[in-house]
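Okay, structure first, notes after.
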Amino acid sequence: MRGRVGSLLLREATRQASLYGVQRASHISSNSATSFLLKSTVVNSPAQSLYTVSWNGTFHNESLAWSPFVHHMSTAAAPLGDEMPSGKPSPSEAPVNVSEKPETTKKNFEKSSDISSYWGVVPKVQYKEDGTPWKWTCFTPHQTYYPDVTIDLEKYHERKNMTDSIAYWTVKSLRIPTDVFFQKRYGCRAMMLETVAAVPGMVGGMLLHCKSLRKFETSGGWIKALLEEAENERMHLMTFMEVAKPKWYERALVFTVQGVFFNAYFLLYLASPKLAHRITGYLEEEAIWSYTQFLKEIDAGHIENGPAPAIAIDYWRLPKDATIRDVVMVVRADEAHHRDVNHFAADIHEKGKELRDSPAPIGYH
């Protein structure tokens, strides 16, 4: 009798689960289940929706494959048998320029289940306001922004002491081989520049993270600020990869330069965070100069001002008819912001304080 009841419950559970894009492994027999309970939870709000199915019972030598489909980035799958929290997400969690289409849940689940649905991790499918799917996996709508191109590009740090002079001339010496190798090939130059520029923020954030764990103290938001900088620089690289296709020897050069620079900057940051941030600040000043020359070449007609890559249009929320010149302008503005952040960090250390003593400029674009 119990076996028959179990079979009927299993059949009904499978039917209900299939309606919400939850699939059951095909090799579960009614005899293998001693008891189970189907428990469903539906959470609906303007920005989130989740359907979970939990199985409470004993299965012998069989498996059950299930997967919730998450309609909001901030919604996480709850442990089996737990209720999902209700309520609306905070404004900071709401996706930007994205509309959800819950009716595509089953279709999206079927695509993602080709990999694995056992862990309940299903890629989130997002849409733009015009109804087209969000196609990027290297960044989300939450990371897009309108760049501030009104920032002062003429500001620079005046050398005041030996540390400043060491940082300044170190950067100037690094520029010499770059000028010789790339000359006026500013597309390739920008690509190489970004492979180096993305290193300091990652190294600084990583070391501050370890320091925070080691000393049981907060970072004042500087871990996030520096990692934001590294991510922003990486997005610059993803953009210029579409503009200038690197040749094999340029890729080999990236391997060499990144390997040397990462380890050198790592050791430098351990020895003197002040000097490390000052060098990065001067590097950003050189980046501003390089992109200014890039713009001059475009305006002179020496470099074709073609359409902006699609990834740049979505990341910086540029108009659909944006050009390469528009991209260079917003990238240059980003570098100016990074210049300010790193010189500010060096000034904090110069006053004998820790970075956590001053609030970090999180989201400073």
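Each chain in the structure tokens gets a letter, A, B, ..., in the order shown, and its residues are numbered from 1; ligands are numbered from 1 in order too.
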
Can you tell me, as a VMD selection string, what residues are no more than 10 Å from range 349-358 of chain A when counting only C-alpha atoms, ignoring any on the same chain fewer than 4 positions away?
chain A and resid 163 208 212 217 to 223 272 to 275 277 343 to 345

Writer output for current selection, N, CA and C atoms, as a short mmCIF file (atom, residue, chain, number, x, y, z; two decimals), in the first residue's frame:
```cif
data_model
loop_
_atom_site.label_atom_id
_atom_site.label_comp_id
_atom_site.auth_asym_id
_atom_site.auth_seq_id
_atom_site.Cartn_x
_atom_site.Cartn_y
_atom_site.Cartn_z
N THR A 163 60.30 59.88 -2.76
CA THR A 163 59.36 58.84 -3.19
C THR A 163 58.65 59.23 -4.47
N LEU A 208 45.21 43.91 0.55
CA LEU A 208 44.38 44.50 1.60
C LEU A 208 43.39 43.48 2.15
N SER A 212 43.24 42.45 5.98
CA SER A 212 42.00 42.53 6.75
C SER A 212 41.73 41.24 7.50
N GLU A 217 40.44 43.36 10.91
CA GLU A 217 40.01 44.75 10.80
C GLU A 217 39.38 45.00 9.44
N THR A 218 38.58 46.04 9.35
CA THR A 218 37.96 46.39 8.07
C THR A 218 38.97 47.14 7.19
N SER A 219 38.62 47.29 5.93
CA SER A 219 39.52 47.99 5.00
C SER A 219 39.00 49.40 4.69
N GLY A 220 37.87 49.77 5.28
CA GLY A 220 37.30 51.07 4.97
C GLY A 220 36.73 51.16 3.57
N GLY A 221 36.48 49.99 2.96
CA GLY A 221 35.93 49.97 1.61
C GLY A 221 36.99 49.95 0.51
N TRP A 222 38.26 49.97 0.88
CA TRP A 222 39.32 50.07 -0.12
C TRP A 222 39.51 48.78 -0.91
N ILE A 223 39.18 47.66 -0.33
CA ILE A 223 39.28 46.39 -1.08
C ILE A 223 38.35 46.48 -2.28
N SER A 272 56.21 49.00 0.18
CA SER A 272 55.79 50.39 0.32
C SER A 272 54.50 50.65 -0.46
N PRO A 273 53.35 50.53 0.19
CA PRO A 273 52.08 50.84 -0.48
C PRO A 273 52.03 52.27 -1.01
N LYS A 274 52.68 53.18 -0.29
CA LYS A 274 52.70 54.58 -0.72
C LYS A 274 53.36 54.71 -2.09
N LEU A 275 54.54 54.11 -2.25
CA LEU A 275 55.24 54.17 -3.53
C LEU A 275 54.46 53.46 -4.63
N HIS A 277 51.17 53.04 -4.91
CA HIS A 277 50.04 53.85 -5.37
C HIS A 277 50.50 55.09 -6.13
N HIS A 343 46.54 58.57 -6.43
CA HIS A 343 47.29 59.67 -5.79
C HIS A 343 46.69 59.97 -4.42
N PHE A 344 45.39 59.86 -4.30
CA PHE A 344 44.73 60.06 -3.01
C PHE A 344 45.19 59.01 -2.01
N ALA A 345 45.28 57.75 -2.46
CA ALA A 345 45.74 56.67 -1.58
C ALA A 345 47.18 56.90 -1.16
#
```

In range 217-340 of chain A, DSSP alpha helix (DSSP H) residues written as a PyMOL selection string:
chain A and resi 222-243+248-271+273-299+310-315+324-340

Mind pulling up the distance from CA of Pro200 in chain A to CA of Leu227 in chain A?
9.2 Å

At most 12 Å is the cut-off: for each residue in range 176-223 of chain A with any atom that close to an atom of range 322-339 of chain A, write down the nearest atom pair and the distance in Å rounded to one decimal, counting only C-alpha atoms, chain first then increasing number, as a Markdown table.
```
| residue | atom | partner | partner_atom | distance |
| --- | --- | --- | --- | --- |
| A:Tyr186 | CA | A:Val328 | CA | 10.4 |
| A:Gly187 | CA | A:Val328 | CA | 9.8 |
| A:Ala190 | CA | A:Val328 | CA | 9.5 |
| A:Met191 | CA | A:Val331 | CA | 11.8 |
| A:Leu193 | CA | A:Glu335 | CA | 11.2 |
| A:Glu194 | CA | A:Glu335 | CA | 10.2 |
| A:Ala197 | CA | A:Glu335 | CA | 9.3 |
| A:Ala198 | CA | A:His338 | CA | 10.8 |
| A:Pro200 | CA | A:His338 | CA | 10.7 |
| A:Gly201 | CA | A:His338 | CA | 9.5 |
```
